[in-house]
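Student: So here's entry.txt, just compact mmCIF, C-alpha atoms:
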# COMPACT_ATOMS: atom_id res chain seq x y z
CA MET A 1 0.00 0.00 0.00
CA SER A 2 1.39 3.39 -1.00
CA PHE A 3 2.05 6.29 1.35
CA ARG A 4 -0.81 8.35 -0.16
CA GLU A 5 -3.25 5.48 0.38
CA ASN A 6 -2.20 5.25 4.06
CA VAL A 7 -2.75 9.00 4.53
CA ALA A 8 -6.19 8.77 2.85
CA ARG A 9 -7.25 5.89 5.08
CA LEU A 10 -6.06 7.73 8.19
CA ARG A 11 -7.98 10.86 7.13
CA ASP A 12 -11.17 8.85 6.51
CA TRP A 13 -10.82 7.12 9.90
CA TRP A 14 -10.56 10.47 11.77
CA ARG A 15 -13.51 11.90 9.82
CA ASP A 16 -15.67 8.88 10.76
CA ARG A 17 -14.70 9.24 14.43
CA PHE A 18 -15.55 12.98 14.44
CA GLU A 19 -18.93 12.45 12.76
CA SER A 20 -19.76 9.67 15.22
CA ALA A 21 -18.95 11.91 18.19
CA ALA A 22 -21.02 14.76 16.73
CA ASP A 23 -24.01 12.43 16.20
CA GLY A 24 -23.72 11.32 19.81
CA LEU A 25 -23.78 14.91 21.10
CA ARG A 26 -26.80 15.73 18.96
CA HIS A 27 -28.61 12.64 20.24
CA ARG A 28 -27.89 13.51 23.90
CA TRP A 29 -29.08 17.11 23.38
CA MET A 30 -32.34 16.09 21.69
CA TYR A 31 -33.24 13.55 24.36
CA ARG A 32 -31.80 15.34 27.42
CA LYS A 33 -33.63 15.18 30.76
CA GLY A 34 -36.69 17.43 30.95
CA GLY A 35 -37.20 17.91 27.24
CA SER A 36 -37.23 16.32 23.80
CA SER A 37 -37.09 17.37 20.20
CA GLY A 38 -40.74 18.29 20.39
CA ASP A 39 -40.74 19.91 23.84
CA THR A 40 -41.38 23.66 23.80
CA GLY A 41 -42.81 23.95 27.29
CA ASN A 42 -41.17 25.04 30.52
CA GLY A 43 -37.90 23.30 29.86
CA THR A 44 -34.48 24.87 29.46
CA LEU A 45 -33.73 28.48 28.63
CA PHE A 46 -33.11 27.51 24.99
CA SER A 47 -36.54 25.96 24.71
CA LYS A 48 -38.12 29.10 26.19
CA LEU A 49 -36.30 31.23 23.67
CA ASP A 50 -37.82 29.09 20.91
CA GLU A 51 -41.36 29.53 22.20
CA PRO A 52 -43.73 31.11 19.67
CA GLY A 53 -45.69 34.25 20.42
CA TRP A 54 -45.18 36.79 23.21
CA GLY A 55 -43.60 34.32 25.62
CA GLY A 56 -40.60 33.76 23.38
CA ILE A 57 -40.35 37.47 22.58
CA VAL A 58 -40.20 38.37 26.29
CA TRP A 59 -37.52 35.76 27.00
CA ARG A 60 -35.43 36.87 24.06
CA ALA A 61 -35.77 40.51 25.16
CA LEU A 62 -34.64 39.61 28.69
CA VAL A 63 -31.58 37.74 27.40
CA ALA A 64 -30.71 40.65 25.11
CA LEU A 65 -31.03 43.08 28.04
CA VAL A 66 -28.67 40.98 30.20
CA VAL A 67 -26.12 40.82 27.38
CA VAL A 68 -26.30 44.61 26.88
CA ILE A 69 -25.82 45.23 30.61
CA LEU A 70 -22.83 42.89 30.76
CA LEU A 71 -21.20 44.62 27.79
CA TYR A 72 -22.24 48.21 28.63
CA TYR A 73 -19.66 48.93 31.32
CA PRO A 74 -16.54 47.27 29.87
CA ILE A 75 -17.12 48.63 26.35
CA GLY A 76 -18.17 52.03 27.70
CA MET A 77 -15.07 52.22 29.91
CA LEU A 78 -12.84 51.47 26.93
CA MET A 79 -14.54 54.20 24.92
CA VAL A 80 -14.44 56.85 27.67
CA ASN A 81 -11.06 56.19 29.26
CA ARG A 82 -8.32 58.54 28.10
CA ILE A 83 -5.20 59.65 29.94
CA ASP A 84 -4.42 62.65 27.74
CA ASP A 85 -0.81 63.45 28.61
CA ASP A 86 0.20 64.97 25.26
CA PRO A 87 3.39 66.96 26.03
CA ASP A 88 2.98 69.09 22.90
CA PHE A 89 -0.54 70.22 23.71
CA LYS A 90 -1.19 73.87 22.80
CA PRO A 91 -4.17 76.24 23.13
CA ALA A 92 -6.24 76.55 19.96
CA GLY A 93 -9.46 78.12 18.84
CA ALA A 94 -11.20 80.25 21.44
CA ASN A 95 -8.54 79.30 24.00
CA ALA A 96 -5.66 80.76 21.99
CA ILE A 97 -4.74 84.37 22.63
CA GLY A 98 -3.07 86.99 20.53
CA GLU A 99 -0.20 89.30 21.28
CA GLY A 100 -0.36 90.89 24.69
CA GLY A 101 -2.23 88.03 26.36
CA SER A 102 -0.85 85.43 28.76
CA GLN A 103 0.19 82.06 27.36
CA ALA A 104 -0.06 80.48 30.82
CA VAL A 105 -3.66 81.66 31.21
CA ALA A 106 -4.44 80.46 27.66
CA MET A 107 -3.05 77.06 28.67
CA MET A 108 -5.38 77.01 31.68
CA THR A 109 -8.44 77.64 29.51
CA ALA A 110 -7.32 75.04 26.96
CA LEU A 111 -6.79 72.35 29.61
CA ILE A 112 -10.21 72.99 31.17
CA ASP A 113 -11.81 72.89 27.74
CA ARG A 114 -10.07 69.63 26.80
CA GLU A 115 -10.79 67.74 30.02
CA VAL A 116 -14.34 68.98 30.62
CA ASN A 117 -15.78 69.50 27.15
CA GLN A 118 -13.76 67.26 24.86
CA ASN A 119 -12.59 64.29 26.92
CA SER A 120 -15.62 64.33 29.26
CA TRP A 121 -15.19 64.94 32.99
CA THR A 122 -15.39 61.53 34.69
CA ALA A 123 -14.62 62.26 38.35
CA ASN A 124 -18.32 62.84 39.14
CA ASP A 125 -19.95 60.32 36.79
CA PRO A 126 -23.01 58.68 38.43
CA PHE A 127 -23.30 54.91 38.73
CA PHE A 128 -25.24 54.52 35.47
CA GLN A 129 -22.41 55.93 33.37
CA PRO A 130 -19.38 53.79 32.42
CA GLY A 131 -16.98 56.48 33.66
CA ALA A 132 -18.11 55.74 37.23
CA MET A 133 -16.13 52.49 37.04
CA LEU A 134 -12.90 54.26 36.10
CA ASP A 135 -10.33 55.48 38.60
CA ASN A 136 -7.14 56.42 36.75
CA MET A 137 -8.71 58.99 34.42
CA PRO A 138 -10.68 60.77 37.19
CA ASN A 139 -7.58 61.03 39.36
CA PHE A 140 -5.52 62.32 36.43
CA GLN A 141 -8.13 64.98 35.66
CA THR A 142 -8.47 66.14 39.27
CA GLY A 143 -4.68 66.35 39.49
CA ILE A 144 -4.62 68.71 36.50
CA VAL A 145 -7.33 70.94 37.96
CA SER A 146 -5.57 71.07 41.33
CA ALA A 147 -2.48 72.49 39.60
CA LEU A 148 -4.62 75.05 37.76
CA ALA A 149 -6.37 76.02 41.01
CA ARG A 150 -3.02 76.60 42.71
CA PHE A 151 -1.84 78.84 39.88
CA SER A 152 -5.12 80.76 39.83
CA PHE A 153 -4.49 81.88 43.42
CA GLU A 154 -1.12 83.33 42.45
CA MET A 155 -2.66 85.05 39.46
CA THR A 156 -5.28 86.66 41.69
CA ASP A 157 -2.95 87.64 44.54
CA GLN A 158 0.18 88.74 42.69
CA VAL A 159 0.53 88.51 38.93
CA GLY A 160 -2.91 89.84 38.03
CA ARG A 161 -2.68 93.14 39.88
CA SER A 162 -0.14 95.93 40.06
CA ARG A 163 0.75 95.67 43.74
CA GLY A 164 -0.56 93.80 46.73
CA SER A 165 -2.64 96.79 47.81
CA SER A 166 -4.47 97.21 44.49
CA GLU A 167 -7.85 95.66 43.72
CA ALA A 168 -7.94 92.03 42.55
CA ASP A 169 -9.13 91.38 39.02
CA PRO A 170 -12.81 90.26 39.21
CA ASP A 171 -12.48 87.60 36.50
CA LEU A 172 -9.36 86.12 38.08
CA GLN A 173 -10.99 86.18 41.48
CA LYS A 174 -14.06 84.40 40.14
CA ALA A 175 -11.99 81.76 38.34
CA ALA A 176 -9.87 81.08 41.43
CA GLY A 177 -12.98 80.43 43.51
CA LEU A 178 -14.63 78.21 40.91
CA LEU A 179 -11.54 76.05 40.41
CA GLN A 180 -11.59 75.19 44.13
CA TYR A 181 -14.92 73.41 43.62
CA PRO A 182 -14.66 69.64 44.30
CA GLY A 183 -14.36 67.54 41.18
CA ASP A 184 -16.73 64.77 42.27
CA VAL A 185 -19.98 66.77 42.53
CA TRP A 186 -22.81 65.64 40.24
CA ILE A 187 -26.08 67.54 39.95
CA TRP A 188 -27.78 65.40 42.62
CA ASN A 189 -26.59 63.27 45.50
CA PRO A 190 -29.47 62.01 47.69
CA THR A 191 -27.05 60.71 50.34
CA VAL A 192 -26.00 64.30 51.03
CA SER A 193 -28.98 66.44 50.09
CA LEU A 194 -32.19 66.21 48.07
CA ALA A 195 -31.49 69.61 46.52
CA ILE A 196 -30.03 69.99 43.04
CA LYS A 197 -26.43 71.23 43.11
CA ALA A 198 -24.11 72.82 40.58
CA SER A 199 -21.99 70.14 38.93
CA SER A 200 -18.22 70.23 38.81
CA GLU A 201 -18.30 70.67 35.03
CA SER A 202 -20.53 73.73 35.23
CA GLN A 203 -18.19 75.40 37.72
CA TYR A 204 -15.07 74.67 35.68
CA ARG A 205 -16.74 75.88 32.49
CA ALA A 206 -17.61 79.14 34.23
CA ALA A 207 -13.99 79.45 35.42
CA ARG A 208 -12.77 78.97 31.85
CA LEU A 209 -15.05 81.72 30.55
CA ALA A 210 -13.80 84.08 33.27
CA LEU A 211 -10.18 83.34 32.32
CA ILE A 212 -10.95 83.91 28.64
CA ARG A 213 -12.51 87.27 29.46
CA TYR A 214 -9.45 88.23 31.49
CA ASN A 215 -7.06 87.24 28.71
CA GLN A 216 -9.07 89.14 26.12
CA ARG A 217 -8.99 92.28 28.27
CA LEU A 218 -5.28 91.75 28.86
CA ALA A 219 -4.61 91.59 25.11
CA LYS A 220 -6.43 94.91 24.75
CA GLY A 221 -4.44 96.50 27.56
CA GLU A 222 -7.44 96.61 29.90
CA ALA A 223 -6.13 94.15 32.51
CA THR A 224 -2.91 93.64 34.46
CA PHE A 225 -0.24 90.95 34.14
CA GLU A 226 2.88 91.99 36.03
CA ARG A 227 5.88 90.36 34.35
CA ARG A 228 8.26 91.02 37.24
CA ALA A 229 10.92 88.71 38.66
CA ASP A 230 9.37 88.75 42.13
CA ASN A 231 6.01 87.61 40.72
CA LEU A 232 7.64 84.76 38.83
CA MET A 233 9.55 83.79 41.97
CA ALA A 234 6.37 83.76 44.08
CA THR A 235 4.56 81.63 41.48
CA LEU A 236 7.34 79.06 41.31
CA ASP A 237 7.54 78.99 45.11
CA ARG A 238 3.84 78.11 45.20
CA PHE A 239 4.45 75.30 42.70
CA ALA A 240 7.35 73.98 44.79
CA SER A 241 5.30 74.04 47.99
CA ASP A 242 2.49 72.10 46.35
CA LEU A 243 4.93 69.51 45.02
CA GLY A 244 6.34 69.18 48.53
CA SER A 245 2.86 68.35 49.82
CA GLN A 246 2.37 65.81 47.04
CA SER A 247 5.69 64.15 47.86
CA ALA A 248 4.35 63.55 51.37
CA VAL A 249 1.34 61.76 49.85
CA LEU A 250 3.67 59.52 47.84
CA ASP A 251 5.85 58.89 50.87
CA THR A 252 2.88 57.84 53.01
CA GLU A 253 1.62 55.44 50.35
CA VAL A 254 5.05 53.84 49.92
CA ARG A 255 5.83 53.54 53.65
CA GLU A 256 2.44 52.24 54.75
CA HIS A 257 1.32 50.10 51.82
CA SER A 258 4.36 48.90 49.84
CA SER A 259 4.29 45.64 51.81
CA TYR A 260 0.84 44.81 50.39
CA PHE A 261 0.74 42.15 47.68
CA ILE A 262 -1.77 44.32 45.79
CA ASP A 263 -2.13 48.00 46.67
CA SER A 264 -5.44 49.06 45.12
CA ASN A 265 -4.85 52.72 46.05
CA ALA A 266 -1.43 53.00 44.40
CA ASP A 267 -2.78 53.79 40.92
CA ASP A 268 -5.06 56.49 42.36
CA VAL A 269 -2.12 58.26 43.99
CA PHE A 270 0.07 57.75 40.94
CA TYR A 271 -2.38 59.22 38.42
CA ASN A 272 -3.39 62.11 40.64
CA THR A 273 0.30 63.02 40.97
CA LYS A 274 0.79 62.50 37.24
CA GLY A 275 -2.04 64.91 36.46
CA LYS A 276 -0.58 67.53 38.78
CA LEU A 277 2.90 67.20 37.26
CA TYR A 278 1.44 67.37 33.76
CA GLY A 279 -0.52 70.50 34.65
CA TYR A 280 2.56 72.18 36.10
CA TYR A 281 4.58 71.18 33.05
CA LEU A 282 2.23 72.95 30.65
CA LEU A 283 1.81 75.96 32.95
CA THR A 284 5.59 76.27 33.25
CA LYS A 285 5.87 76.20 29.45
CA GLY A 286 3.39 79.06 29.27
CA LEU A 287 5.16 81.02 31.99
CA GLY A 288 8.42 80.58 30.08
CA GLU A 289 6.85 82.58 27.23
CA ASP A 290 5.17 85.12 29.48
CA PHE A 291 8.35 85.84 31.47
CA ALA A 292 10.86 85.29 28.66
CA PRO A 293 12.55 88.71 29.20
CA VAL A 294 13.00 88.03 32.93
CA ILE A 295 14.39 84.54 32.32
CA LYS A 296 16.81 85.89 29.74
CA GLU A 297 17.88 88.79 31.95
CA LYS A 298 18.66 86.44 34.84
CA GLY A 299 20.47 83.95 32.60
CA LEU A 300 18.04 81.14 33.47
CA GLN A 301 17.45 79.70 29.99
CA LYS A 302 19.37 76.50 30.70
CA ASN A 303 17.82 76.04 34.15
CA TRP A 304 14.37 76.60 32.70
CA ALA A 305 14.94 74.04 29.95
CA GLN A 306 16.13 71.47 32.52
CA LEU A 307 13.03 72.10 34.65
CA LEU A 308 10.77 71.53 31.67
CA ASP A 309 12.61 68.32 30.81
CA THR A 310 12.08 66.99 34.33
CA PHE A 311 8.40 67.88 34.35
CA ARG A 312 7.98 66.28 30.93
CA GLU A 313 9.69 63.04 31.94
CA ALA A 314 7.64 62.86 35.14
CA ALA A 315 4.35 63.46 33.29
CA ALA A 316 5.23 60.82 30.67
CA LEU A 317 5.52 57.95 33.19
CA SER A 318 2.77 55.49 32.24
CA PRO A 319 3.21 51.91 33.48
CA TRP A 320 0.73 49.32 32.28
CA VAL A 321 0.01 48.38 35.91
CA VAL A 322 1.03 50.64 38.80
CA VAL A 323 2.97 48.61 41.36
CA ASN A 324 3.79 49.93 44.82
CA GLY A 325 6.76 47.73 45.60
CA ALA A 326 9.27 48.47 48.32
CA PRO A 327 11.97 50.93 47.20
CA ASP A 328 14.64 48.23 47.66
CA ALA A 329 12.61 45.34 46.22
CA GLN A 330 14.47 42.87 44.00
CA PHE A 331 11.61 42.01 41.65
CA GLU A 332 8.60 44.29 42.19
CA PRO A 333 9.06 47.83 40.83
CA SER A 334 8.17 50.88 42.88
CA HIS A 335 6.45 53.18 40.43
CA LEU A 336 5.53 55.64 43.18
CA ALA A 337 9.17 55.92 44.28
CA ALA A 338 10.25 56.50 40.66
CA GLN A 339 7.61 59.19 40.26
CA GLY A 340 8.68 60.73 43.56
CA PHE A 341 12.25 61.02 42.27
CA TYR A 342 11.19 63.18 39.32
CA LEU A 343 8.82 65.18 41.50
CA LEU A 344 11.54 66.05 44.01
CA ARG A 345 14.00 66.78 41.21
CA ALA A 346 11.53 69.27 39.72
CA ARG A 347 11.01 70.80 43.17
CA THR A 348 14.77 71.20 43.63
CA GLN A 349 15.10 72.85 40.22
CA LEU A 350 12.24 75.21 41.07
CA ARG A 351 14.08 76.23 44.25
CA GLU A 352 17.30 76.79 42.30
CA ILE A 353 15.52 79.11 39.89
CA THR A 354 13.79 81.07 42.67
CA ASN A 355 17.14 81.51 44.44
CA VAL A 356 18.53 83.16 41.32
CA LEU A 357 15.42 85.34 40.94
CA LEU A 358 15.79 86.45 44.53
CA LYS A 359 19.19 88.05 43.86
Rewrite the structure from the file as structure tokens, please.
Tutor:
Amino acid sequence: MSFRENVARLRDWWRDRFESAADGLRHRWMYRKGGSSGDTGNGTLFSKLDEPGWGGIVWRALVALVVVILLYYPIGMLMVNRIDDDPDFKPAGANAIGEGGSQAVAMMTALIDREVNQNSWTANDPFFQPGAMLDNMPNFQTGIVSALARFSFEMTDQVGRSRGSSEADPDLQKAAGLLQYPGDVWIWNPTVSLAIKASSESQYRAARLALIRYNQRLAKGEATFERRADNLMATLDRFASDLGSQSAVLDTEVREHSSYFIDSNADDVFYNTKGKLYGYYLLTKGLGEDFAPVIKEKGLQKNWAQLLDTFREAAALSPWVVVNGAPDAQFEPSHLAAQGFYLLRARTQLREITNVLLK
């Protein structure tokens, strides 16, 4: 017998075995316990789905509803989730400002617009929206807004008025107050109050409009933006102080929870810090344009470029899974400790620049 004949016989043998097994499965299914090929009563779910009339329609609708619910959250989360850490992000459209305006303020309005209007604010999503199941994106967004809120205070107190004794700009004052609004407030929370409340998005949108009005008046020469070395120094000092507070948050998480096999809070801390560093990176880029003459006069171009590089590297950290391992672990990484290194490096560089500005 030739080789080809042996292969043909072997193929036929396997085909016969497969068909025999398939016939057996079909036979067991047709004559299973509680039903038969002609049973369309109260048997299995499959038999109910095959029922004619309204009974079968209702069962099929219920199954379809369960499938939709099971797929709604995972698919919705994939569609909504976006950690937008584009380092080359620039203001455009209504957020951009012409000559005479502040690039740092324009960056504030652009970031609010992107996170609230374009990417969708997720920190206050109610339970029936897929964003309620996310945690990294909400923490990243609230980190960005916390950086903007910190800068808005300095704009109101120092940069946006001639001297400390002069009147604060009304638009800057309004924006600073609105940006302090918590990021997790939806329009209604029955566990707190039955009254309707202003949502976080509505407050941040109002803050953006106030900042746009200020920047438009500034471009026309009708508002104040003091480009003095002492104002830049005070602003950077505020940034450094905030980063110092954030380093304490990282330190607490590492010291108290790095021994856990799984630290479910590590990614929350990581992405909140990431958002804050990203916000400060873009604000610092804008300030570099606003205070370019001061930076050049003090010979800080190289220091400023190094600060931006550190902020950029810190904001770009994006592990697939955030692991809070011990700093001296052999196998588990410590993403929080790595992030803390860049944060403290940026804080040190901020202090170096303010020391030069002080002279």
Student: Mind pulling up the distance from CA of Ser162 (chain A) to CA of Gly101 (chain A)?
Tutor: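 The value is 16.0 Å.
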Student: Which of these residues is nearest to Glu99 (chain A), using all atoms listed in the file: A:Thr156, A:Asp290, A:Asn119, A:Ser247?
Tutor: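 Going through A:Thr156, A:Asp290, A:Asn119, A:Ser247 one by one, the smallest distance to Glu99 (chain A) is for A:Asp290.
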Student: Rounded to one decimal, what separation in Å do you get between CA of Thr354 (chain A) and CA of Leu307 (chain A)?
Tutor: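 Between these atoms lies a distance of 12.1 Å.
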Student: Just the number, please: distance in Å from CA of Gln339 (chain A) to CA of Gln180 (chain A), one decimal.
Tutor: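 These atoms are spaced 25.3 Å apart.
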Student: I'd like the contact shell of region 221-236 of chain A - 7 Å cut-off, only C-alpha atoms, skipping same-chain residues fewer than 5 positions apart - returned as a PyMOL selection string.
Tutor: chain A and resi 154+158-162+214+291+294+350+354+357
Student: Counting only C-alpha atoms, which residue out of A:Tyr260, A:Phe151, A:Trp188, A:Trp121 sits closest to Gly286 (chain A)?
Tutor: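 Result for the nearest residue to Gly286 (chain A): A:Phe151.
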Student: Around all of region 244-263 of chain A's listed atoms, make the axis-aligned box with 4 Å on each side and tell me centre and edge lengths in Å to one decimal, as JSON.
Tutor:
{"center_x": 2.1, "center_y": 55.7, "center_z": 50.3, "size_x": 16.5, "size_y": 35.0, "size_z": 17.0}
Student: Taking 5 positions as the minimum chain separation for residues in the same chain, which residues sit within 12 Å of Gln129 (chain A) when counting only C-alpha atoms? Answer as an MDAnalysis selection string.
Tutor: chainID A and resid 69 72:77 79:80 120:124 134 186
Student: When distances are computed from only C-alpha atoms, which of A:Asp171, A:Leu283, A:Pro130, A:Phe140 shows the smallest separation from Ala110 (chain A)?
Tutor: A:Leu283
Student: Restricting the calculation to only C-alpha atoms: of A:Ser102, A:Trp320, A:Ala149, A:Leu111, which residue gets closest to Ala292 (chain A)?
Tutor: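 So, comparing all the options, the nearest one is A:Ser102.
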Student: Taking all atoms listed in the file into account, which of A:Asp268, A:Gly143, A:Pro182, A:Asn215 comes nearest Ala96 (chain A)?
Tutor: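 Closest candidate: A:Asn215.
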Student: Compare A:Asp88, A:Ser202, A:Leu211, A:Glu297 by their minimum atom-to-atom distance to Asn117 (chain A), counting all atoms listed in the file, and give me the closest one.
Tutor: A:Ser202
Student: As an mmCIF file, in the coordinates of the input, please: region 137-147 of chain A completed to all heavy atoms.
Tutor:
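Now in selection_18.cif:
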data_model
loop_
_atom_site.group_PDB
_atom_site.id
_atom_site.type_symbol
_atom_site.label_atom_id
_atom_site.label_comp_id
_atom_site.auth_asym_id
_atom_site.auth_seq_id
_atom_site.Cartn_x
_atom_site.Cartn_y
_atom_site.Cartn_z
ATOM 1 N N MET A 137 -8.379 57.753 35.132
ATOM 2 C CA MET A 137 -8.710 58.990 34.420
ATOM 3 C C MET A 137 -9.262 60.064 35.364
ATOM 4 O O MET A 137 -8.832 61.227 35.292
ATOM 5 C CB MET A 137 -9.679 58.697 33.288
ATOM 6 C CG MET A 137 -10.042 59.919 32.461
ATOM 7 S SD MET A 137 -11.169 59.508 31.108
ATOM 8 C CE MET A 137 -11.466 61.127 30.405
ATOM 9 N N PRO A 138 -10.203 59.742 36.257
ATOM 10 C CA PRO A 138 -10.680 60.770 37.190
ATOM 11 C C PRO A 138 -9.576 61.360 38.053
ATOM 12 O O PRO A 138 -9.535 62.572 38.292
ATOM 13 C CB PRO A 138 -11.712 60.035 38.033
ATOM 14 C CG PRO A 138 -12.174 58.916 37.185
ATOM 15 C CD PRO A 138 -10.973 58.503 36.377
ATOM 16 N N ASN A 139 -8.673 60.524 38.530
ATOM 17 C CA ASN A 139 -7.580 61.030 39.360
ATOM 18 C C ASN A 139 -6.620 61.898 38.549
ATOM 19 O O ASN A 139 -6.100 62.898 39.054
ATOM 20 C CB ASN A 139 -6.826 59.860 39.998
ATOM 21 C CG ASN A 139 -7.520 59.337 41.230
ATOM 22 O OD1 ASN A 139 -7.530 59.971 42.275
ATOM 23 N ND2 ASN A 139 -8.122 58.169 41.114
ATOM 24 N N PHE A 140 -6.380 61.516 37.308
ATOM 25 C CA PHE A 140 -5.520 62.320 36.430
ATOM 26 C C PHE A 140 -6.155 63.690 36.196
ATOM 27 O O PHE A 140 -5.484 64.721 36.276
ATOM 28 C CB PHE A 140 -5.320 61.582 35.114
ATOM 29 C CG PHE A 140 -4.503 62.333 34.096
ATOM 30 C CD1 PHE A 140 -3.132 62.475 34.248
ATOM 31 C CD2 PHE A 140 -5.104 62.883 32.978
ATOM 32 C CE1 PHE A 140 -2.371 63.165 33.308
ATOM 33 C CE2 PHE A 140 -4.358 63.568 32.034
ATOM 34 C CZ PHE A 140 -2.991 63.714 32.204
ATOM 35 N N GLN A 141 -7.449 63.718 35.931
ATOM 36 C CA GLN A 141 -8.130 64.980 35.660
ATOM 37 C C GLN A 141 -8.162 65.882 36.898
ATOM 38 O O GLN A 141 -7.922 67.094 36.796
ATOM 39 C CB GLN A 141 -9.555 64.706 35.179
ATOM 40 C CG GLN A 141 -9.617 64.088 33.786
ATOM 41 C CD GLN A 141 -11.044 63.858 33.320
ATOM 42 O OE1 GLN A 141 -11.884 63.370 34.071
ATOM 43 N NE2 GLN A 141 -11.328 64.199 32.073
ATOM 44 N N THR A 142 -8.449 65.320 38.052
ATOM 45 C CA THR A 142 -8.470 66.140 39.270
ATOM 46 C C THR A 142 -7.082 66.644 39.620
ATOM 47 O O THR A 142 -6.940 67.728 40.188
ATOM 48 C CB THR A 142 -9.063 65.352 40.443
ATOM 49 O OG1 THR A 142 -8.361 64.106 40.595
ATOM 50 C CG2 THR A 142 -10.537 65.054 40.219
ATOM 51 N N GLY A 143 -6.044 65.871 39.271
ATOM 52 C CA GLY A 143 -4.680 66.350 39.490
ATOM 53 C C GLY A 143 -4.366 67.570 38.639
ATOM 54 O O GLY A 143 -3.727 68.523 39.102
ATOM 55 N N ILE A 144 -4.821 67.560 37.387
ATOM 56 C CA ILE A 144 -4.620 68.710 36.500
ATOM 57 C C ILE A 144 -5.310 69.941 37.069
ATOM 58 O O ILE A 144 -4.718 71.024 37.173
ATOM 59 C CB ILE A 144 -5.149 68.408 35.090
ATOM 60 C CG1 ILE A 144 -4.287 67.353 34.400
ATOM 61 C CG2 ILE A 144 -5.180 69.677 34.247
ATOM 62 C CD1 ILE A 144 -4.813 66.929 33.046
ATOM 63 N N VAL A 145 -6.575 69.795 37.464
ATOM 64 C CA VAL A 145 -7.330 70.940 37.960
ATOM 65 C C VAL A 145 -6.737 71.467 39.268
ATOM 66 O O VAL A 145 -6.755 72.677 39.520
ATOM 67 C CB VAL A 145 -8.820 70.555 38.143
ATOM 68 C CG1 VAL A 145 -9.584 71.649 38.874
ATOM 69 C CG2 VAL A 145 -9.459 70.293 36.792
ATOM 70 N N SER A 146 -6.189 70.594 40.094
ATOM 71 C CA SER A 146 -5.570 71.070 41.330
ATOM 72 C C SER A 146 -4.364 71.956 41.043
ATOM 73 O O SER A 146 -4.125 72.946 41.748
ATOM 74 C CB SER A 146 -5.156 69.884 42.210
ATOM 75 O OG SER A 146 -4.074 69.162 41.638
ATOM 76 N N ALA A 147 -3.603 71.638 39.988
ATOM 77 C CA ALA A 147 -2.480 72.490 39.600
ATOM 78 C C ALA A 147 -2.986 73.839 39.077
ATOM 79 O O ALA A 147 -2.429 74.894 39.391
ATOM 80 C CB ALA A 147 -1.630 71.789 38.535
#
